[in-house]
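As structure tokens, the structure follows; a few thoughts come after it.
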Amino acid sequence: MNLLTLLHEALLSLTKNKVRTALSTLGIVIGVASVIAMVAVGEGAKRRVEREIAAMGDDWIMIGFWGMQRGGVRAQRGVLPNEAEQDALAIALECSGVRAATPTNRITLQVVSGFGNYQTSVYGAYPAFFDIRRWDVVEGRVLNEQDNDMRRRVCCIGQTAAAELFGGMNPVGQDVRVKRASFEVIGLLEPKGANSDGRDNDDIIVFPWHAFQRFIAGDEIAQTMYAAARYGVPLAAAKEQIRSLLRQRHRLQPEEDDDFRIIDRSLAAEANAAATQTFNWLLMTIASISLLVGGVGIMNIMLVSVTERTREIGLRMAIGANGYHVLGQFLTEAVTLCALGGAVGFLVGWATAEIVSWKLEWETVVSYWMAAVAIAFSTAIGLFFGFYPAWRASQLNPIEALRYE
């Protein structure tokens, strides 16, 4: 008896009781659909993090003056007005593993244009900010050294802030007013999208450092810096150079903790990815339980089927079928049942992922390999849970089977 014949007989047997067949595969369908949906959400989260790292760069760090730990209590150290700028200049000049550094001062303020007003994040930074953050413009130009040295009242605006302040028109050449100072928009930044934590990177306006400090910052003292590793230099080496230099500049003793924090943005993104992956594995484990329950259901139905068809099995053996033929017949039925459930489960999982993407605006990714894995895994479930009923059918005594009522 060849495979096609076995498959044909399996399909005929399964279609004799369509309702029972459908209910038998329901557990497989739910399990496979759950796994596919969870994998699609996980792949979407993974790609989002990869895009974030690619867009923002994986070779830059942020340094913040947020006090030191003493006895488990954070003691805030007073930051001098020009300390961030002086430290950033020292990092750029003295750290061989650093290609660029800038002080940064971020304030959330109301910004006014000729078309509206909007509260957004305003940044003061050196022109190196754009190199460090791998940020270019789609219109106009980025800030340069002359803008900073001459305290020009110019700025570059992010996509979100531009849309809120200027609608659909090109903001380059337009003016914005922050506090009492007017600034010309000379560049529209390329879109960066949102971080994995939901923060909108495009909700920003960047000003030259010296103009920002003079016209906008007021009493707000800068407490952060950005720096980027030189190409080819490991980020860990650049971070250690920065740490050693700042400890020396701040006159910290060996037993004293750092009075600053160095945050590696790529590590933060990877931590988010790891947390997302762990959560997805948990959900997939829970979803896989449905597959096991579905497999037990298949075994149960196949055992019932063996009991119901005992006389049929006896008749087959009486006319020449051996135990291997019977084993193959019932095993094929179990595998067919599970494979069909896997195929339907993949379609349901794909539809669920699309609904999640549409309704919740989560990125989901469904790949073709998922369909193959779904069918292969459900087939394996059929082989595992269908073997015992099939083996039991193959071990029946033909004479006793013919006498079975």
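Following the order of the structure tokens, first chain is A, next is B, and so on, with residues numbered from 1 inside each chain and ligands from 1 in the order they appear.
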
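DSSP secondary structure from the backbone places Val348, Gly349, Trp350, Ala351, Thr352, Ala353, Glu354, Ile355, Val356, Ser357, Trp358, Lys359, Tyr368, Trp369, Met370, Ala371, Ala372, Val373, Ala374, Ile375, Ala376, Phe377, Ser378, Thr379, Ala380, Ile381, Gly382, Leu383 and Phe384 of chain A of stretch 348-384 of chain A in helix (DSSP H, G or I).
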
Sort by chain and increasing residue number a table of all residues of stretch 141-200 of chain A within 10 Å of stretch 98-117 of chain A, each with its closest pair of atoms and their distance in Å to one decimal, counting only C-alpha atoms, and write it as JSON lines.
```
{"residue": "A:Ala161", "atom": "CA", "partner": "A:Val111", "partner_atom": "CA", "distance": 9.2}
{"residue": "A:Ala162", "atom": "CA", "partner": "A:Ser113", "partner_atom": "CA", "distance": 9.8}
{"residue": "A:Glu164", "atom": "CA", "partner": "A:Gly116", "partner_atom": "CA", "distance": 7.6}
{"residue": "A:Leu165", "atom": "CA", "partner": "A:Gly116", "partner_atom": "CA", "distance": 5.5}
{"residue": "A:Phe166", "atom": "CA", "partner": "A:Phe115", "partner_atom": "CA", "distance": 6.0}
{"residue": "A:Gly167", "atom": "CA", "partner": "A:Phe115", "partner_atom": "CA", "distance": 8.1}
{"residue": "A:Pro171", "atom": "CA", "partner": "A:Ser113", "partner_atom": "CA", "distance": 9.7}
{"residue": "A:Gln174", "atom": "CA", "partner": "A:Ser113", "partner_atom": "CA", "distance": 8.1}
{"residue": "A:Asp175", "atom": "CA", "partner": "A:Ser113", "partner_atom": "CA", "distance": 6.3}
{"residue": "A:Val176", "atom": "CA", "partner": "A:Ser113", "partner_atom": "CA", "distance": 4.6}
{"residue": "A:Arg177", "atom": "CA", "partner": "A:Val112", "partner_atom": "CA", "distance": 5.0}
{"residue": "A:Val178", "atom": "CA", "partner": "A:Val111", "partner_atom": "CA", "distance": 5.1}
{"residue": "A:Lys179", "atom": "CA", "partner": "A:Val111", "partner_atom": "CA", "distance": 7.7}
{"residue": "A:Ser182", "atom": "CA", "partner": "A:Val112", "partner_atom": "CA", "distance": 9.2}
{"residue": "A:Phe183", "atom": "CA", "partner": "A:Ser113", "partner_atom": "CA", "distance": 9.9}
```

Those same residues - C-alpha atoms - I'd like them written as a PDB file, in the first residue's frame.
```pdb
ATOM      1  CA  ALA A 161       7.699  69.467  15.744  1.00  0.00           C
ATOM      2  CA  ALA A 162       7.640  70.746  12.140  1.00  0.00           C
ATOM      3  CA  GLU A 164       2.808  70.716  14.676  1.00  0.00           C
ATOM      4  CA  LEU A 165       4.229  74.177  14.039  1.00  0.00           C
ATOM      5  CA  PHE A 166       3.979  74.454  10.249  1.00  0.00           C
ATOM      6  CA  GLY A 167       1.514  71.814   9.121  1.00  0.00           C
ATOM      7  CA  PRO A 171       9.604  74.892   7.573  1.00  0.00           C
ATOM      8  CA  GLN A 174      10.520  80.090   8.486  1.00  0.00           C
ATOM      9  CA  ASP A 175      10.986  81.537  11.968  1.00  0.00           C
ATOM     10  CA  VAL A 176      10.163  80.122  15.379  1.00  0.00           C
ATOM     11  CA  ARG A 177      10.133  81.998  18.660  1.00  0.00           C
ATOM     12  CA  VAL A 178      11.364  80.495  21.923  1.00  0.00           C
ATOM     13  CA  LYS A 179      10.931  82.666  24.996  1.00  0.00           C
ATOM     14  CA  SER A 182      13.374  84.428  17.241  1.00  0.00           C
ATOM     15  CA  PHE A 183      15.279  81.712  15.351  1.00  0.00           C
TER      16      PHE A 183
END
```

Task: Pairwise distance for atom CA of A:Gln395 and atom CA of A:Ile301, rounded to one decimal in Å - done: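 That distance, rounded to one decimal, is 18.1 Å.
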
Exercise: A:Val233 partners within 6 Å, only C-alpha atoms, chain neighbours under 2 positions left out, as a compact mmCIF listing (two decimals) with N, CA and C atoms, in the first residue's frame:
```txt
# COMPACT_ATOMS: atom_id res chain seq x y z
N GLY A 97 39.98 57.36 21.72
CA GLY A 97 38.95 56.47 21.19
C GLY A 97 37.64 57.15 20.89
N ARG A 230 35.33 56.45 18.16
CA ARG A 230 35.99 56.54 16.86
C ARG A 230 35.75 55.25 16.08
N TYR A 231 35.62 55.35 14.78
CA TYR A 231 35.34 54.18 13.95
C TYR A 231 36.44 53.13 14.12
```

Task: Backbone-only DSSP, strand (DSSP E or B) members of stretch 55-152 of chain A, as a PyMOL selection string - done: chain A and resi 60-64+68-70+73-75+98-113+117-125+137-140

Since we have the selection now, will you write its residues out, keeping C-alpha atoms, as a tab-separated table (two decimals), in the first residue's frame?
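Here's the written file selection03.tsv:
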```
chain	number	residue	atom	x	y	z
A	60	TRP	CA	27.35	56.68	20.97
A	61	ILE	CA	26.81	57.16	24.66
A	62	MET	CA	25.27	59.70	26.98
A	63	ILE	CA	27.04	61.03	30.07
A	64	GLY	CA	24.96	62.56	32.84
A	68	MET	CA	27.21	59.83	43.28
A	69	GLN	CA	26.17	57.00	45.58
A	70	ARG	CA	27.20	57.34	49.22
A	73	VAL	CA	21.95	57.31	48.98
A	74	ARG	CA	22.40	59.43	45.88
A	75	ALA	CA	24.06	62.71	46.87
A	98	VAL	CA	36.35	59.24	20.84
A	99	ARG	CA	35.66	60.90	17.50
A	100	ALA	CA	33.24	63.57	18.72
A	101	ALA	CA	31.67	64.93	21.91
A	102	THR	CA	29.17	67.66	22.72
A	103	PRO	CA	27.50	69.13	25.76
A	104	THR	CA	23.73	69.03	25.59
A	105	ASN	CA	21.06	70.98	27.37
A	106	ARG	CA	17.46	69.82	26.97
A	107	ILE	CA	14.43	71.83	28.08
A	108	THR	CA	10.74	71.34	27.31
A	109	LEU	CA	9.36	74.72	26.24
A	110	GLN	CA	6.52	76.30	24.31
A	111	VAL	CA	7.63	77.18	20.78
A	112	VAL	CA	5.68	79.65	18.63
A	113	SER	CA	5.58	79.94	14.84
A	117	ASN	CA	2.43	77.06	18.97
A	118	TYR	CA	3.56	73.74	20.39
A	119	GLN	CA	5.39	72.41	23.43
A	120	THR	CA	8.43	70.39	22.42
A	121	SER	CA	11.95	69.44	23.46
A	122	VAL	CA	14.51	72.11	22.61
A	123	TYR	CA	18.19	71.12	22.61
A	124	GLY	CA	21.36	73.12	22.71
A	125	ALA	CA	24.37	71.26	21.30
A	137	VAL	CA	18.45	66.69	7.05
A	138	VAL	CA	15.95	66.16	4.24
A	139	GLU	CA	15.70	69.90	3.58
A	140	GLY	CA	18.22	72.68	4.19
```

- [ ] Might you pull out every residue within 6 Å of A:Ile205, with only C-alpha atoms counted and same-chain residues fewer than 5 positions away left off, and present them as a ChimeraX atom specification?
- [x] /A:122,156-158

Once you have the residues from the selection above, write them out as a short mmCIF file (atom, residue, chain, number, x, y, z; two decimals), in the first residue's frame, restricted to N, CA and C atoms.
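Result went into part.cif, see below:
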```cif
data_model
loop_
_atom_site.label_atom_id
_atom_site.label_comp_id
_atom_site.auth_asym_id
_atom_site.auth_seq_id
_atom_site.Cartn_x
_atom_site.Cartn_y
_atom_site.Cartn_z
N VAL A 122 13.52 71.27 23.28
CA VAL A 122 14.51 72.11 22.61
C VAL A 122 15.89 71.73 23.16
N CYS A 156 17.59 73.54 13.72
CA CYS A 156 17.11 72.43 12.90
C CYS A 156 15.93 71.80 13.62
N ILE A 157 14.90 71.45 12.87
CA ILE A 157 13.66 71.01 13.49
C ILE A 157 13.33 69.57 13.09
N GLY A 158 12.80 68.81 14.03
CA GLY A 158 12.38 67.44 13.77
C GLY A 158 11.05 67.38 13.07
#
```

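When atom CA of A:Asp59 is paired with atom CA of A:His250, their separation reads 24.7 Å.
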
- [ ] Rounded to one decimal place, report the atom CA of A:Arg311-atom CA of A:Leu396 distance in Å.
- [x] 10.1 Å

Task: Residue nearest A:Gly345 - candidates A:Val306, A:Ala238, A:Val373, A:Val142, atoms counted: only C-alpha atoms - done: A:Val373

Within 12 Å of A:Leu80, counting only C-alpha atoms, which residues show up once you throw out same-chain ones fewer than 6 positions away? Write them as a PDB file with N, CA and C atoms, in the first residue's frame, please.
```
ATOM      1  N   PHE A  65      25.448  64.040  34.690  1.00  0.00           N
ATOM      2  CA  PHE A  65      25.916  64.394  36.039  1.00  0.00           C
ATOM      3  C   PHE A  65      24.734  64.296  36.998  1.00  0.00           C
ATOM      4  N   GLN A  86      33.044  72.156  29.276  1.00  0.00           N
ATOM      5  CA  GLN A  86      34.475  71.928  29.456  1.00  0.00           C
ATOM      6  C   GLN A  86      34.825  70.446  29.446  1.00  0.00           C
ATOM      7  N   ASP A  87      33.989  69.632  30.080  1.00  0.00           N
ATOM      8  CA  ASP A  87      34.229  68.183  30.069  1.00  0.00           C
ATOM      9  C   ASP A  87      34.098  67.621  28.659  1.00  0.00           C
ATOM     10  N   ASP A 219      18.726  79.969  33.551  1.00  0.00           N
ATOM     11  CA  ASP A 219      19.371  79.361  34.723  1.00  0.00           C
ATOM     12  C   ASP A 219      19.506  77.847  34.613  1.00  0.00           C
ATOM     13  N   GLU A 220      19.033  77.275  33.516  1.00  0.00           N
ATOM     14  CA  GLU A 220      19.119  75.821  33.345  1.00  0.00           C
ATOM     15  C   GLU A 220      20.566  75.422  33.023  1.00  0.00           C
ATOM     16  N   ILE A 221      21.187  74.694  33.934  1.00  0.00           N
ATOM     17  CA  ILE A 221      22.573  74.266  33.746  1.00  0.00           C
ATOM     18  C   ILE A 221      22.602  72.913  33.041  1.00  0.00           C
ATOM     19  N   ALA A 222      23.451  72.796  32.031  1.00  0.00           N
ATOM     20  CA  ALA A 222      23.560  71.534  31.291  1.00  0.00           C
ATOM     21  C   ALA A 222      24.146  70.451  32.187  1.00  0.00           C
ATOM     22  N   GLN A 223      23.515  69.280  32.167  1.00  0.00           N
ATOM     23  CA  GLN A 223      23.994  68.167  32.980  1.00  0.00           C
ATOM     24  C   GLN A 223      24.222  66.903  32.164  1.00  0.00           C
ATOM     25  N   HIS A 250      37.301  65.407  37.854  1.00  0.00           N
ATOM     26  CA  HIS A 250      36.451  65.680  39.019  1.00  0.00           C
ATOM     27  C   HIS A 250      37.168  65.385  40.335  1.00  0.00           C
TER      28      HIS A 250
END
```
